[in-house]
Structure formats: C-alpha cells, structure tokens
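File shown: coords.txt (compact mmCIF, C-alpha atoms and all ligand atoms).
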# COMPACT_ATOMS: atom_id res chain seq x y z
CA MET A 1 8.67 -1.32 -2.25
CA LYS A 2 10.41 0.81 0.32
CA GLN A 3 9.10 4.10 1.61
CA ASN A 4 10.61 7.34 2.73
CA ALA A 5 11.58 7.25 6.39
CA ASN A 6 10.10 10.70 6.86
CA GLU A 7 6.56 9.80 5.89
CA ILE A 8 4.24 10.75 8.71
CA SER A 9 3.03 7.93 10.87
CA GLN A 10 -0.66 7.55 11.48
CA ASN A 11 -2.67 6.69 14.54
CA SER A 12 -3.32 2.98 14.79
CA GLN A 13 -6.44 3.02 16.91
CA SER A 14 -8.70 0.70 15.05
CA GLY A 15 -12.42 0.94 14.44
CA GLN A 16 -14.70 -2.07 14.52
CA VAL A 17 -14.30 -3.91 11.24
CA SER A 18 -16.31 -6.91 10.20
CA GLN A 19 -14.24 -10.08 9.93
CA SER A 20 -16.79 -11.95 7.86
CA SER A 21 -18.38 -11.27 4.48
CA HIS A 22 -16.67 -9.24 1.79
CA PRO A 23 -17.18 -6.44 1.10
CA PRO A 24 -18.84 -5.71 4.43
CA LEU A 25 -20.11 -2.35 3.28
CA GLU A 26 -22.68 -1.90 6.00
CA SER A 27 -20.10 -2.02 8.77
CA ARG A 28 -17.83 0.29 6.77
CA VAL A 29 -20.57 2.89 6.40
CA ARG A 30 -21.17 2.55 10.14
CA ALA A 31 -17.47 3.22 10.72
CA ALA A 32 -17.69 6.34 8.55
CA ARG A 33 -20.72 7.54 10.51
CA ALA A 34 -18.81 7.02 13.75
CA ILE A 35 -16.18 9.42 12.38
CA ILE A 36 -18.91 11.93 11.52
CA GLU A 37 -20.13 11.76 15.10
CA ARG A 38 -16.69 11.85 16.71
CA LYS A 39 -15.51 14.82 14.67
CA GLU A 40 -18.89 16.57 14.81
CA LEU A 41 -19.21 16.70 11.03
CA ASP A 42 -22.35 17.10 8.96
CA ALA A 43 -21.02 14.86 6.20
CA LEU A 44 -17.98 13.14 4.72
CA LEU A 45 -16.88 13.61 1.11
CA LEU A 46 -14.69 10.78 -0.23
CA THR A 47 -12.71 11.68 -3.33
CA GLY A 48 -9.91 9.06 -3.27
CA ARG A 49 -10.12 5.89 -5.35
CA PRO A 50 -9.06 3.62 -2.45
CA SER A 51 -11.63 5.12 -0.07
CA ASN A 52 -14.39 4.98 -2.70
CA ARG A 53 -13.57 1.30 -3.10
CA TYR A 54 -13.29 0.59 0.62
CA TYR A 55 -16.34 2.47 1.84
CA ALA A 56 -18.62 2.06 -1.21
CA GLY A 57 -17.28 -1.08 -2.91
CA PHE A 58 -16.92 0.81 -6.21
CA SER A 59 -13.95 -0.34 -8.29
CA GLY A 60 -14.29 2.12 -11.18
CA THR A 61 -12.01 5.07 -11.71
CA THR A 62 -14.35 8.06 -11.38
CA SER A 63 -16.83 8.57 -8.55
CA LEU A 64 -17.58 10.72 -5.52
CA VAL A 65 -19.04 9.43 -2.28
CA LEU A 66 -21.08 11.45 0.22
CA ILE A 67 -21.96 9.99 3.61
CA SER A 68 -23.99 11.68 6.33
CA SER A 69 -25.82 10.29 9.33
CA GLY A 70 -28.88 9.71 7.16
CA LEU A 71 -27.61 9.06 3.63
CA ALA A 72 -24.98 7.24 1.63
CA ARG A 73 -24.70 8.38 -1.99
CA ILE A 74 -22.30 7.63 -4.82
CA TYR A 75 -22.17 10.11 -7.71
CA VAL A 76 -21.14 8.80 -11.11
CA ASP A 77 -21.50 9.74 -14.75
CA GLY A 78 -23.14 7.58 -17.40
CA ARG A 79 -20.14 5.30 -17.85
CA TYR A 80 -20.44 3.90 -14.34
CA VAL A 81 -24.14 3.82 -13.48
CA LEU A 82 -24.57 0.06 -13.90
CA GLN A 83 -21.30 -0.75 -12.20
CA ALA A 84 -22.06 1.46 -9.21
CA GLY A 85 -25.49 -0.13 -8.91
CA GLU A 86 -23.91 -3.58 -8.78
CA GLU A 87 -21.02 -2.76 -6.49
CA ALA A 88 -22.14 0.00 -4.13
CA LYS A 89 -24.68 -2.08 -2.22
CA GLY A 90 -26.81 0.00 0.11
CA TYR A 91 -25.82 3.24 -1.62
CA GLU A 92 -28.09 5.52 -3.56
CA VAL A 93 -26.54 5.87 -7.03
CA VAL A 94 -26.77 9.43 -8.35
CA HIS A 95 -26.32 9.59 -12.12
CA ALA A 96 -25.14 13.03 -13.25
CA SER A 97 -23.22 14.31 -16.26
CA ARG A 98 -21.34 16.56 -13.83
CA PRO A 99 -21.21 14.60 -10.57
CA LEU A 100 -19.38 17.29 -8.56
CA GLU A 101 -22.01 19.91 -9.47
CA ARG A 102 -24.78 17.62 -8.29
CA LEU A 103 -22.93 16.83 -5.10
CA LEU A 104 -22.44 20.52 -4.35
CA ASP A 105 -26.17 21.07 -4.87
CA ASP A 106 -26.82 18.33 -2.32
CA LEU A 107 -24.38 19.82 0.18
CA ALA A 108 -26.31 23.08 -0.08
CA LYS A 109 -29.69 21.36 0.26
CA LEU A 110 -28.46 19.47 3.29
CA ARG A 111 -27.10 22.71 4.77
CA VAL A 112 -23.72 21.11 5.40
CA ARG A 113 -21.56 23.41 7.53
CA ARG A 114 -18.76 21.02 8.54
CA LEU A 115 -17.57 18.75 5.75
CA GLY A 116 -14.95 16.05 6.39
CA VAL A 117 -12.60 15.37 3.47
CA GLU A 118 -9.51 13.31 2.72
CA GLU A 119 -6.87 15.99 2.85
CA THR A 120 -4.42 14.06 0.66
CA GLN A 121 -7.08 13.17 -1.92
CA LEU A 122 -8.98 16.42 -2.44
CA ASP A 123 -7.48 18.56 -5.18
CA LEU A 124 -7.28 22.32 -4.96
CA ALA A 125 -9.67 22.86 -7.89
CA THR A 126 -12.41 20.86 -6.15
CA LEU A 127 -11.80 22.65 -2.86
CA ARG A 128 -12.10 26.01 -4.62
CA GLN A 129 -15.39 24.90 -6.23
CA ILE A 130 -16.79 23.89 -2.85
CA GLU A 131 -15.79 27.21 -1.30
CA ALA A 132 -17.05 29.26 -4.25
CA ARG A 133 -20.55 27.74 -4.28
CA GLU A 134 -22.74 30.56 -2.98
CA PRO A 135 -24.99 28.72 -0.53
CA LEU A 136 -21.93 26.99 0.93
CA ALA A 137 -20.09 30.20 1.79
CA GLY A 138 -18.26 29.78 5.07
CA ILE A 139 -18.37 25.97 4.96
CA GLU A 140 -15.70 24.40 7.19
CA VAL A 141 -13.63 21.81 5.35
CA ILE A 142 -12.14 19.44 7.94
CA ALA A 143 -9.26 16.98 7.42
CA ALA A 144 -10.60 13.47 8.12
CA GLY A 145 -8.10 11.39 6.15
CA ARG A 146 -6.39 9.86 9.17
CA ALA A 147 -9.69 8.90 10.76
CA LEU A 148 -10.86 7.34 7.47
CA ALA A 149 -7.62 5.33 7.22
CA GLU A 150 -8.03 3.76 10.67
CA PRO A 151 -10.72 1.19 9.82
CA ARG A 152 -8.64 0.16 6.79
CA MET A 153 -5.62 -0.91 8.88
CA ARG A 154 -6.95 -4.20 10.19
CA LYS A 155 -7.94 -6.36 7.27
CA ASP A 156 -11.03 -8.56 7.26
CA ALA A 157 -11.07 -12.15 6.02
CA GLY A 158 -11.88 -11.20 2.43
CA GLU A 159 -9.09 -8.64 2.28
CA ILE A 160 -6.56 -11.06 3.78
CA ALA A 161 -7.57 -13.72 1.25
CA ALA A 162 -7.00 -11.27 -1.63
CA ILE A 163 -3.58 -10.21 -0.32
CA ARG A 164 -2.59 -13.83 0.32
CA ARG A 165 -3.46 -14.62 -3.29
CA ALA A 166 -1.52 -11.59 -4.56
CA ALA A 167 1.54 -12.67 -2.55
CA SER A 168 1.29 -16.21 -3.88
CA ILE A 169 1.05 -14.97 -7.47
CA ALA A 170 4.21 -12.89 -6.97
CA ASP A 171 6.07 -15.89 -5.52
CA GLN A 172 5.10 -18.10 -8.46
CA ALA A 173 5.97 -15.43 -11.03
CA LEU A 174 9.43 -14.96 -9.53
CA ALA A 175 10.09 -18.71 -9.63
CA ARG A 176 9.24 -18.70 -13.35
CA VAL A 177 11.44 -15.71 -14.12
CA LEU A 178 14.59 -16.48 -12.10
CA PRO A 179 15.95 -18.99 -14.64
CA LEU A 180 15.89 -16.23 -17.28
CA LEU A 181 18.31 -14.00 -15.35
CA LYS A 182 21.68 -14.11 -17.10
CA PRO A 183 24.24 -11.70 -18.56
CA GLY A 184 22.83 -9.65 -21.45
CA VAL A 185 19.19 -9.70 -20.35
CA THR A 186 18.04 -6.15 -19.57
CA GLU A 187 16.37 -5.03 -16.37
CA ARG A 188 13.29 -4.03 -18.36
CA GLN A 189 13.05 -7.48 -19.90
CA VAL A 190 13.13 -9.00 -16.42
CA ALA A 191 10.41 -6.59 -15.23
CA ALA A 192 8.28 -7.27 -18.31
CA ARG A 193 8.47 -11.04 -17.82
CA LEU A 194 7.59 -10.74 -14.15
CA GLU A 195 4.55 -8.59 -14.89
CA TYR A 196 3.48 -10.87 -17.75
CA GLU A 197 3.74 -13.99 -15.59
CA MET A 198 1.79 -12.32 -12.77
CA CYS A 199 -1.03 -11.53 -15.20
CA LEU A 200 -1.01 -15.09 -16.56
CA LEU A 201 -1.29 -16.30 -12.96
CA GLY A 202 -4.44 -14.22 -12.44
CA ALA A 203 -3.22 -10.82 -11.25
CA GLU A 204 -4.95 -7.65 -12.42
CA GLY A 205 -1.48 -6.20 -12.88
CA SER A 206 1.42 -5.13 -10.76
CA SER A 207 0.84 -3.27 -7.52
CA PHE A 208 3.49 -0.64 -8.37
CA GLN A 209 6.14 -0.01 -11.00
CA THR A 210 8.49 -3.01 -10.85
CA ILE A 211 11.97 -2.34 -9.51
CA VAL A 212 14.81 -4.26 -11.15
CA ALA A 213 18.12 -2.63 -10.22
CA SER A 214 21.38 -4.41 -11.07
CA GLY A 215 25.07 -3.83 -10.42
CA VAL A 216 25.85 -0.31 -9.21
CA ARG A 217 22.19 0.58 -9.87
CA SER A 218 21.18 -1.79 -7.05
CA ALA A 219 22.43 0.94 -4.68
CA LEU A 220 19.39 2.99 -5.79
CA PRO A 221 16.68 1.89 -3.35
CA HIS A 222 14.00 2.80 -5.90
CA GLY A 223 15.76 1.94 -9.14
CA VAL A 224 12.94 1.13 -11.54
CA ALA A 225 13.94 -1.18 -14.36
CA SER A 226 16.17 0.44 -16.98
CA GLU A 227 17.74 -0.67 -20.25
CA LYS A 228 20.88 -1.76 -18.43
CA ALA A 229 21.84 -5.34 -19.18
CA LEU A 230 22.63 -7.73 -16.33
CA GLU A 231 26.34 -8.43 -15.95
CA SER A 232 28.38 -11.15 -14.31
CA GLY A 233 28.83 -10.39 -10.60
CA ASP A 234 25.81 -8.05 -10.41
CA ALA A 235 23.53 -7.99 -7.43
CA VAL A 236 19.99 -7.60 -8.78
CA VAL A 237 17.34 -6.11 -6.49
CA ILE A 238 13.90 -7.22 -7.68
CA ASP A 239 11.08 -5.45 -5.81
CA PHE A 240 7.60 -6.05 -7.12
CA GLY A 241 4.07 -7.09 -6.30
CA ALA A 242 0.80 -8.30 -7.75
CA ARG A 243 -2.63 -6.72 -7.50
CA TYR A 244 -5.52 -9.10 -6.93
CA ASN A 245 -9.13 -8.06 -6.41
CA GLY A 246 -7.84 -4.53 -5.82
CA TYR A 247 -5.34 -5.55 -3.14
CA CYS A 248 -1.54 -5.26 -3.31
CA SER A 249 1.32 -7.55 -2.46
CA ASP A 250 4.94 -6.47 -2.13
CA MET A 251 8.18 -8.46 -1.97
CA THR A 252 11.88 -8.09 -2.74
CA ARG A 253 14.60 -10.58 -3.50
CA THR A 254 18.23 -9.80 -4.32
CA VAL A 255 19.92 -12.37 -6.55
CA PHE A 256 23.39 -12.57 -8.10
CA ILE A 257 24.43 -13.14 -11.70
CA GLU A 258 26.99 -15.96 -12.13
CA TYR A 259 28.84 -15.17 -8.90
CA ALA A 260 28.50 -13.07 -5.75
CA PRO A 261 31.43 -10.79 -4.88
CA GLN A 262 32.65 -11.31 -1.30
CA ALA A 263 31.74 -7.78 -0.10
CA LEU A 264 28.16 -8.22 -1.29
CA ARG A 265 27.94 -11.72 0.17
CA GLU A 266 28.71 -10.27 3.58
CA LEU A 267 26.13 -7.53 3.17
CA TYR A 268 23.58 -10.11 2.06
CA ALA A 269 24.15 -12.16 5.21
CA LEU A 270 23.78 -9.04 7.35
CA VAL A 271 20.55 -7.87 5.70
CA LEU A 272 19.11 -11.38 5.99
CA GLU A 273 20.01 -11.51 9.69
CA ALA A 274 18.36 -8.11 10.23
CA GLN A 275 15.26 -9.21 8.35
CA GLU A 276 14.91 -12.52 10.20
CA THR A 277 15.51 -10.85 13.57
CA CYS A 278 12.68 -8.45 12.81
CA LEU A 279 10.37 -11.24 11.57
CA ALA A 280 11.02 -13.17 14.78
CA GLY A 281 10.12 -10.19 16.96
CA ILE A 282 7.08 -8.74 15.23
CA ARG A 283 3.80 -9.27 17.06
CA ALA A 284 0.63 -7.34 17.82
CA GLY A 285 1.26 -4.56 20.34
CA ILE A 286 4.81 -3.73 19.28
CA THR A 287 5.22 -0.10 18.28
CA GLY A 288 6.34 0.91 14.81
CA VAL A 289 9.50 2.35 16.32
CA ALA A 290 10.34 -0.84 18.23
CA GLY A 291 9.66 -3.00 15.17
CA ASP A 292 11.94 -0.81 13.05
CA ARG A 293 14.65 -1.05 15.74
CA LEU A 294 14.66 -4.86 15.57
CA ALA A 295 16.13 -4.71 12.07
CA ARG A 296 18.02 -1.42 12.35
CA ASP A 297 20.00 -2.47 15.45
CA VAL A 298 21.45 -5.49 13.63
CA ILE A 299 22.63 -3.30 10.75
CA GLU A 300 23.88 -0.45 12.94
CA ARG A 301 25.93 -2.81 15.11
CA GLN A 302 27.99 -3.68 12.05
CA GLY A 303 28.48 0.00 11.18
CA TYR A 304 26.07 0.19 8.24
CA GLY A 305 23.38 2.35 9.85
CA ASP A 306 23.90 5.19 7.38
CA ALA A 307 23.55 2.77 4.46
CA PHE A 308 20.02 1.80 5.59
CA ASP A 309 18.18 5.07 5.13
CA HIS A 310 14.59 4.00 4.69
CA SER A 311 12.08 2.58 7.11
CA THR A 312 11.91 -1.15 7.82
CA GLY A 313 8.36 -1.73 6.67
CA HIS A 314 4.91 -0.45 5.82
CA SER A 315 1.40 -1.73 5.79
CA LEU A 316 -0.52 -2.12 2.52
CA GLY A 317 -3.94 -3.03 1.20
CA LEU A 318 -5.84 -1.20 -1.52
CA GLU A 319 -2.76 1.05 -1.60
CA ILE A 320 0.85 -0.06 -1.67
CA HIS A 321 1.75 2.16 1.30
CA GLU A 322 -0.71 2.36 4.16
CA ALA A 323 -0.45 3.07 7.88
CA PRO A 324 0.92 1.88 10.22
CA ARG A 325 4.67 1.67 9.48
CA LEU A 326 7.74 0.11 10.97
CA SER A 327 9.67 3.36 11.11
CA GLU A 328 11.65 5.59 13.42
CA THR A 329 8.65 7.95 13.63
CA CYS A 330 5.63 5.61 14.00
CA LYS A 331 5.01 5.43 17.76
CA ASP A 332 1.68 3.64 17.37
CA GLU A 333 1.20 0.02 18.39
CA ILE A 334 0.71 -2.41 15.52
CA PRO A 335 -2.62 -4.21 16.00
CA ALA A 336 -3.32 -7.82 15.04
CA GLY A 337 -4.80 -8.18 11.55
CA VAL A 338 -2.42 -5.68 9.97
CA LEU A 339 -0.39 -6.68 6.91
CA MET A 340 3.19 -5.44 7.15
CA THR A 341 6.28 -5.62 4.99
CA VAL A 342 9.67 -6.28 6.58
CA GLU A 343 12.33 -4.95 4.21
CA PRO A 344 15.68 -3.84 5.57
CA GLY A 345 18.37 -2.96 3.04
CA ILE A 346 21.93 -1.75 2.69
CA TYR A 347 22.98 0.46 -0.23
CA ILE A 348 26.55 1.48 -1.00
CA ALA A 349 27.21 3.83 -3.92
CA GLY A 350 29.62 2.36 -6.43
CA LEU A 351 29.26 -1.16 -5.03
CA GLY A 352 25.60 -2.09 -4.98
CA GLY A 353 22.66 -2.76 -2.72
CA ILE A 354 20.85 -5.58 -0.99
CA ARG A 355 17.21 -5.63 0.10
CA ILE A 356 15.11 -8.56 1.27
CA GLU A 357 11.38 -8.04 1.76
CA ASP A 358 8.62 -10.32 2.97
CA LEU A 359 4.96 -9.56 3.58
CA VAL A 360 3.51 -10.74 6.90
CA LEU A 361 0.17 -10.86 8.66
CA VAL A 362 0.62 -9.59 12.23
CA THR A 363 -1.00 -11.83 14.85
CA THR A 364 -1.34 -11.71 18.63
CA ASP A 365 1.63 -14.04 19.17
CA GLY A 366 3.83 -13.24 16.17
CA CYS A 367 3.28 -13.06 12.47
CA GLU A 368 2.47 -15.27 9.52
CA ASN A 369 4.81 -14.86 6.56
CA LEU A 370 2.82 -14.72 3.30
CA THR A 371 5.97 -14.58 1.15
CA ARG A 372 7.30 -18.06 0.47
CA SER A 373 10.18 -17.51 -1.96
CA PRO A 374 13.50 -18.85 -0.57
CA LYS A 375 15.95 -16.37 0.92
CA GLU A 376 19.25 -18.23 0.79
CA LEU A 377 21.80 -16.39 -1.34
CA LEU A 378 20.90 -17.28 -4.92
CA ILE A 379 23.23 -17.21 -7.90
CA THR A 380 21.65 -17.49 -11.35
CA GLY A 381 22.82 -17.42 -14.95
ZN ZN A 401 8.71 -3.74 -2.15
ZN ZN A 402 7.59 -2.42 0.44
Can I see the file as structure tokens?
Amino acid sequence: MKQNANEISQNSQSGQVSQSSHPPLESRVRAARAIIERKELDALLLTGRPSNRYYAGFSGTTSLVLISSGLARIYVDGRYVLQAGEEAKGYEVVHASRPLERLLDDLAKLRVRRLGVEETQLDLATLRQIEAREPLAGIEVIAAGRALAEPRMRKDAGEIAAIRRAASIADQALARVLPLLKPGVTERQVAARLEYEMCLLGAEGSSFQTIVASGVRSALPHGVASEKALESGDAVVIDFGARYNGYCSDMTRTVFIEYAPQALRELYALVLEAQETCLAGIRAGITGVAGDRLARDVIERQGYGDAFDHSTGHSLGLEIHEAPRLSETCKDEIPAGVLMTVEPGIYIAGLGGIRIEDLVLVTTDGCENLTRSPKELLITG
C-alpha cells in the first residue's frame, strides 16, 4: 500500500524496547512512564486501538487506557472484562457501563492537570467531555502521539515473528491466485480469492482493502478492486497484505495478462531497477530522505519523476502505515529493527501503472527481505 508523500514524518528516536518475550507489557508501560516524565505529564490517556493493543495487550475493539507514574488501568464495559483480564497483564481492569465517565472521575480524583493524549486518536466529542467535566476545568490536554509512536518503531522478536508470518501468508496466497488471472476474471474476484486464501493460510484477514487495478486503472496508485474484467495486455497492480496476530504485511506485484505491451515492459524494468537499487542501499542509519532518493533518482534519470508521486516506503506494524517513512520529508535516521516497505511506482494516465513492493527488516548492515514472491516480469492467462 502506498502512502501520500505529504504525510508528516515522525521522529525516529527510539525508546528502550524489550527484544524478548511477547507481549513485553512491563517494558512498554515503563516506556509510557518515561514519556510522562519527559513531557511533565500527570497521566497518559490512550484512546487508539493500536496503542491500547501495544501498551496494554488488549486486542478487543473498545477500551480506554490510563497510565500515570503510579497506576495502569484499562477501562472496559461488560463485553470485554474477561478478555481484558486475560490480555492486559499487570493492568487494573475497571469494569464500567460507561468507561469514559469512570475514567473522567478518576482523572478528577487524581487531580490530573496535564493529560497526554494521542492527538490523531482522540475525537472531538471525548475532548469536549474532558474539558466540560467540572473538577477538570482548565486541564491541559497535551499532544503525545509522536512520543507514543516512538517505542513502536523498532519491533521486538515477537512482533517480527508475526510480521514475518503475515508476509509469508501473503506470498503463498499470491502463488495460489496467480494461475486464476485471465481475461474475463474481474478485479473483485481476484481480490476475493486472495483474501480467502490468506484466511485459509491462517491470516485474521487482510491488512487493508486489497488493491487490484488493471489496464488503464493500474495508473490509479490506490485503485481498489472494481468490477472491471481483466483484459489481454493489461498490467494488473496487486497490492495487498495479511494480518497475523494483529500485525500487518504489505506487498505489491504487477503482472500482465497474456502479453506485456512494449511501453509497459520498459516501465517495469525501470521500476524494478529503482526498487532493487533501493533494497541494496537500505541500512540502519540512512535517513528517510536518502532512502527515498535511492529509488527516486533511478526513475527521475529516465524522465519519469513526475509519474512517481508517492513516497518510496513506509514502516508498518499494528497499523499499515507507521513512522518512519522513506519519503522526501522524513529526515530521521531509520534505526535497525524497523520494518519498511520499498515500493516505487510509475503511473501514466491512459496507459497504466507499475508498482513493485517488498517488505524488509532493516538491519545494521543492510536489510532482510521478508517478501519472497518472484519479481521477474510475469505474464499469466
Ligand atoms: Zn502495499
Ligand atoms: Zn505499502
């Protein structure tokens, strides 16, 4: 999945993250408390699903997490009490029919004056409720989302194992589906088979809405599968991923139906060269900008810079797009232990598009490619 080149880059300074047991909740709570200290907060309120899962281990869909220097609480309603008790090890589970009300009571009791929140995950209605609660009048609500994202950048052994498995499931599903690609089959049928095979192979589902974009639609970088039927000579961009144990994978292959027109063959070779140049140059310590340049330079040299208008890659984990990025705006250094996609593309309206995307684990001396599907130009049908 590609991302908008304008998305804001995030600081890549990494907190101490356990590399051993999973989920290492104790060290994650410690990391949250370090943020409380650094930003001089009284408490952190976590409202996002990914952060509730990361910091409290809770995989359900509705919960609130409150962390202060002295307490770690997860607030759930009756549907999730047992699950929170099993998953949120070390947390006090607060069972309330209206969890936010109870949490606000606790903020008042604790006399919280500076509350850190995830600015992209706190909705306006909740913010208004916090501000309107009488004893909390004048409370300072502080953006802590970037700080909370930092410990999530470098993955621990359990997280890497989950992502490796998700990537492997996607590879195997694609191998099963490629023989079905022929004229007359619709993009949606291809997407449905891919998602079905991923589930049969053990995935919880797909990590985002599957992109199958064929023919002139392949020039849409985010062309989700439509009812268009595949036609002879189409390039078909297939961008998809599996979710395993909460963690995402992401890969793209572009294949051709029955034959590959010469113009698209040339673009394919160029995108592949850009992608492999970038893969060969990625290592810990490179900045997001420099990593993006590795691929972009190859494409610009051939005059297609304007046709590559998204960033080269993004990190992922519990979310499909996480910091840091390989982009023209991410000046941060990429640390070892980060998962990163490498996905240059060229898109030409009226002709079609090519994208090739692998998922790699960044290491001190290079990267390990977790995506194993072949990349030679493939003609099916
Ligand atoms: Zn992708
Ligand atoms: Zn992607």
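Here atom CA of A:Leu41 stands at a distance of 7.9 Å from atom CA of A:Arg113.
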Distance table requested - chain A against ligand ZN 401 (chain A), cut-off 10 Å, all atoms listed in the file: one row per qualifying residue with the closest atom pair and its distance in Å to one decimal, ordered by chain and rising residue number, as a Markdown table.
| residue | atom | partner | partner_atom | distance |
| --- | --- | --- | --- | --- |
| A:Met1 | CA | A:ZN401 | ZN | 2.4 |
| A:Lys2 | CA | A:ZN401 | ZN | 5.4 |
| A:Gln3 | CA | A:ZN401 | ZN | 8.7 |
| A:Ser207 | CA | A:ZN401 | ZN | 9.5 |
| A:Phe208 | CA | A:ZN401 | ZN | 8.7 |
| A:Gln209 | CA | A:ZN401 | ZN | 9.9 |
| A:Thr210 | CA | A:ZN401 | ZN | 8.7 |
| A:Ile211 | CA | A:ZN401 | ZN | 8.2 |
| A:Pro221 | CA | A:ZN401 | ZN | 9.8 |
| A:His222 | CA | A:ZN401 | ZN | 9.2 |
| A:Val237 | CA | A:ZN401 | ZN | 9.9 |
| A:Ile238 | CA | A:ZN401 | ZN | 8.3 |
| A:Asp239 | CA | A:ZN401 | ZN | 4.7 |
| A:Phe240 | CA | A:ZN401 | ZN | 5.6 |
| A:Gly241 | CA | A:ZN401 | ZN | 7.1 |
| A:Ser249 | CA | A:ZN401 | ZN | 8.3 |
| A:Asp250 | CA | A:ZN401 | ZN | 4.7 |
| A:Met251 | CA | A:ZN401 | ZN | 4.8 |
| A:Thr252 | CA | A:ZN401 | ZN | 5.4 |
| A:Arg253 | CA | A:ZN401 | ZN | 9.1 |
| A:Gly313 | CA | A:ZN401 | ZN | 9.1 |
| A:His314 | CA | A:ZN401 | ZN | 9.4 |
| A:Ile320 | CA | A:ZN401 | ZN | 8.7 |
| A:His321 | CA | A:ZN401 | ZN | 9.8 |
| A:Thr341 | CA | A:ZN401 | ZN | 7.8 |
| A:Val342 | CA | A:ZN401 | ZN | 9.1 |
| A:Glu343 | CA | A:ZN401 | ZN | 7.4 |
| A:Arg355 | CA | A:ZN401 | ZN | 9.0 |
| A:Ile356 | CA | A:ZN401 | ZN | 8.7 |
| A:Glu357 | CA | A:ZN401 | ZN | 6.4 |
| A:Asp358 | CA | A:ZN401 | ZN | 8.3 |
| A:Leu359 | CA | A:ZN401 | ZN | 9.0 |
Near A:Leu270, counting only C-alpha atoms, which residues have an atom at most 9 Å away, once you skip same-chain residues fewer than 3 positions from it, shown as a PDB file with C-alpha atoms, in the coordinates of the input?
ATOM      1  CA  ARG A 265      27.940 -11.720   0.170  1.00  0.00           C
ATOM      2  CA  GLU A 266      28.710 -10.270   3.580  1.00  0.00           C
ATOM      3  CA  LEU A 267      26.130  -7.530   3.170  1.00  0.00           C
ATOM      4  CA  GLU A 273      20.010 -11.510   9.690  1.00  0.00           C
ATOM      5  CA  ALA A 274      18.360  -8.110  10.230  1.00  0.00           C
ATOM      6  CA  GLN A 275      15.260  -9.210   8.350  1.00  0.00           C
ATOM      7  CA  VAL A 298      21.450  -5.490  13.630  1.00  0.00           C
ATOM      8  CA  ILE A 299      22.630  -3.300  10.750  1.00  0.00           C
ATOM      9  CA  GLN A 302      27.990  -3.680  12.050  1.00  0.00           C
ATOM     10  CA  ILE A 346      21.930  -1.750   2.690  1.00  0.00           C
TER      11      ILE A 346
END
- Task: Could you check how far atom CA of A:Ile160 sits from atom CA of A:Arg33, in Å to one decimal?
- Result: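 According to the coordinates, atom CA of A:Ile160 and atom CA of A:Arg33 are separated by 24.3 Å.
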Return as JSON the box centre and box size in Å, one decimal, for an axis-aligned box around all listed atoms of stretch 83-86 of chain A padded by 3 Å per side.
{"center_x": -23.4, "center_y": -1.1, "center_z": -10.5, "size_x": 10.2, "size_y": 11.0, "size_z": 9.4}
- Message: as an MDAnalysis selection string, please: the residues near stretch 55-64 of chain A (cut-off 8 Å, only C-alpha atoms, same-chain neighbours under 4 positions excluded).
- Response: chainID A and resid 23 25 28:29 32 45:47 49 51 74:77 80 83:84 87:89 91 99:100 246
For the selection you just gave me, I'd like the residues written to a file as a PDB file, in the coordinates of the input, keeping C-alpha atoms.
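Output file out-v9.pdb follows:
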ATOM      1  CA  PRO A  23     -17.180  -6.440   1.100  1.00  0.00           C
ATOM      2  CA  LEU A  25     -20.110  -2.350   3.280  1.00  0.00           C
ATOM      3  CA  ARG A  28     -17.830   0.290   6.770  1.00  0.00           C
ATOM      4  CA  VAL A  29     -20.570   2.890   6.400  1.00  0.00           C
ATOM      5  CA  ALA A  32     -17.690   6.340   8.550  1.00  0.00           C
ATOM      6  CA  LEU A  45     -16.880  13.610   1.110  1.00  0.00           C
ATOM      7  CA  LEU A  46     -14.690  10.780  -0.230  1.00  0.00           C
ATOM      8  CA  THR A  47     -12.710  11.680  -3.330  1.00  0.00           C
ATOM      9  CA  ARG A  49     -10.120   5.890  -5.350  1.00  0.00           C
ATOM     10  CA  SER A  51     -11.630   5.120  -0.070  1.00  0.00           C
ATOM     11  CA  ILE A  74     -22.300   7.630  -4.820  1.00  0.00           C
ATOM     12  CA  TYR A  75     -22.170  10.110  -7.710  1.00  0.00           C
ATOM     13  CA  VAL A  76     -21.140   8.800 -11.110  1.00  0.00           C
ATOM     14  CA  ASP A  77     -21.500   9.740 -14.750  1.00  0.00           C
ATOM     15  CA  TYR A  80     -20.440   3.900 -14.340  1.00  0.00           C
ATOM     16  CA  GLN A  83     -21.300  -0.750 -12.200  1.00  0.00           C
ATOM     17  CA  ALA A  84     -22.060   1.460  -9.210  1.00  0.00           C
ATOM     18  CA  GLU A  87     -21.020  -2.760  -6.490  1.00  0.00           C
ATOM     19  CA  ALA A  88     -22.140   0.000  -4.130  1.00  0.00           C
ATOM     20  CA  LYS A  89     -24.680  -2.080  -2.220  1.00  0.00           C
ATOM     21  CA  TYR A  91     -25.820   3.240  -1.620  1.00  0.00           C
ATOM     22  CA  PRO A  99     -21.210  14.600 -10.570  1.00  0.00           C
ATOM     23  CA  LEU A 100     -19.380  17.290  -8.560  1.00  0.00           C
ATOM     24  CA  GLY A 246      -7.840  -4.530  -5.820  1.00  0.00           C
TER      25      GLY A 246
END
Can you tell me which residues surround A:Ser226 at a distance of at most 10 Å, considering all atoms listed in the file, apart from same-chain residues fewer than 5 positions away, and format the answer as a PDB file with C-alpha atoms, keeping the file's coordinate frame?
ATOM      1  CA  THR A 186      18.040  -6.150 -19.570  1.00  0.00           C
ATOM      2  CA  GLU A 187      16.370  -5.030 -16.370  1.00  0.00           C
ATOM      3  CA  ARG A 188      13.290  -4.030 -18.360  1.00  0.00           C
ATOM      4  CA  GLN A 189      13.050  -7.480 -19.900  1.00  0.00           C
ATOM      5  CA  VAL A 190      13.130  -9.000 -16.420  1.00  0.00           C
ATOM      6  CA  ALA A 191      10.410  -6.590 -15.230  1.00  0.00           C
ATOM      7  CA  ILE A 211      11.970  -2.340  -9.510  1.00  0.00           C
ATOM      8  CA  VAL A 212      14.810  -4.260 -11.150  1.00  0.00           C
ATOM      9  CA  ALA A 213      18.120  -2.630 -10.220  1.00  0.00           C
ATOM     10  CA  SER A 214      21.380  -4.410 -11.070  1.00  0.00           C
ATOM     11  CA  ARG A 217      22.190   0.580  -9.870  1.00  0.00           C
TER      12      ARG A 217
END
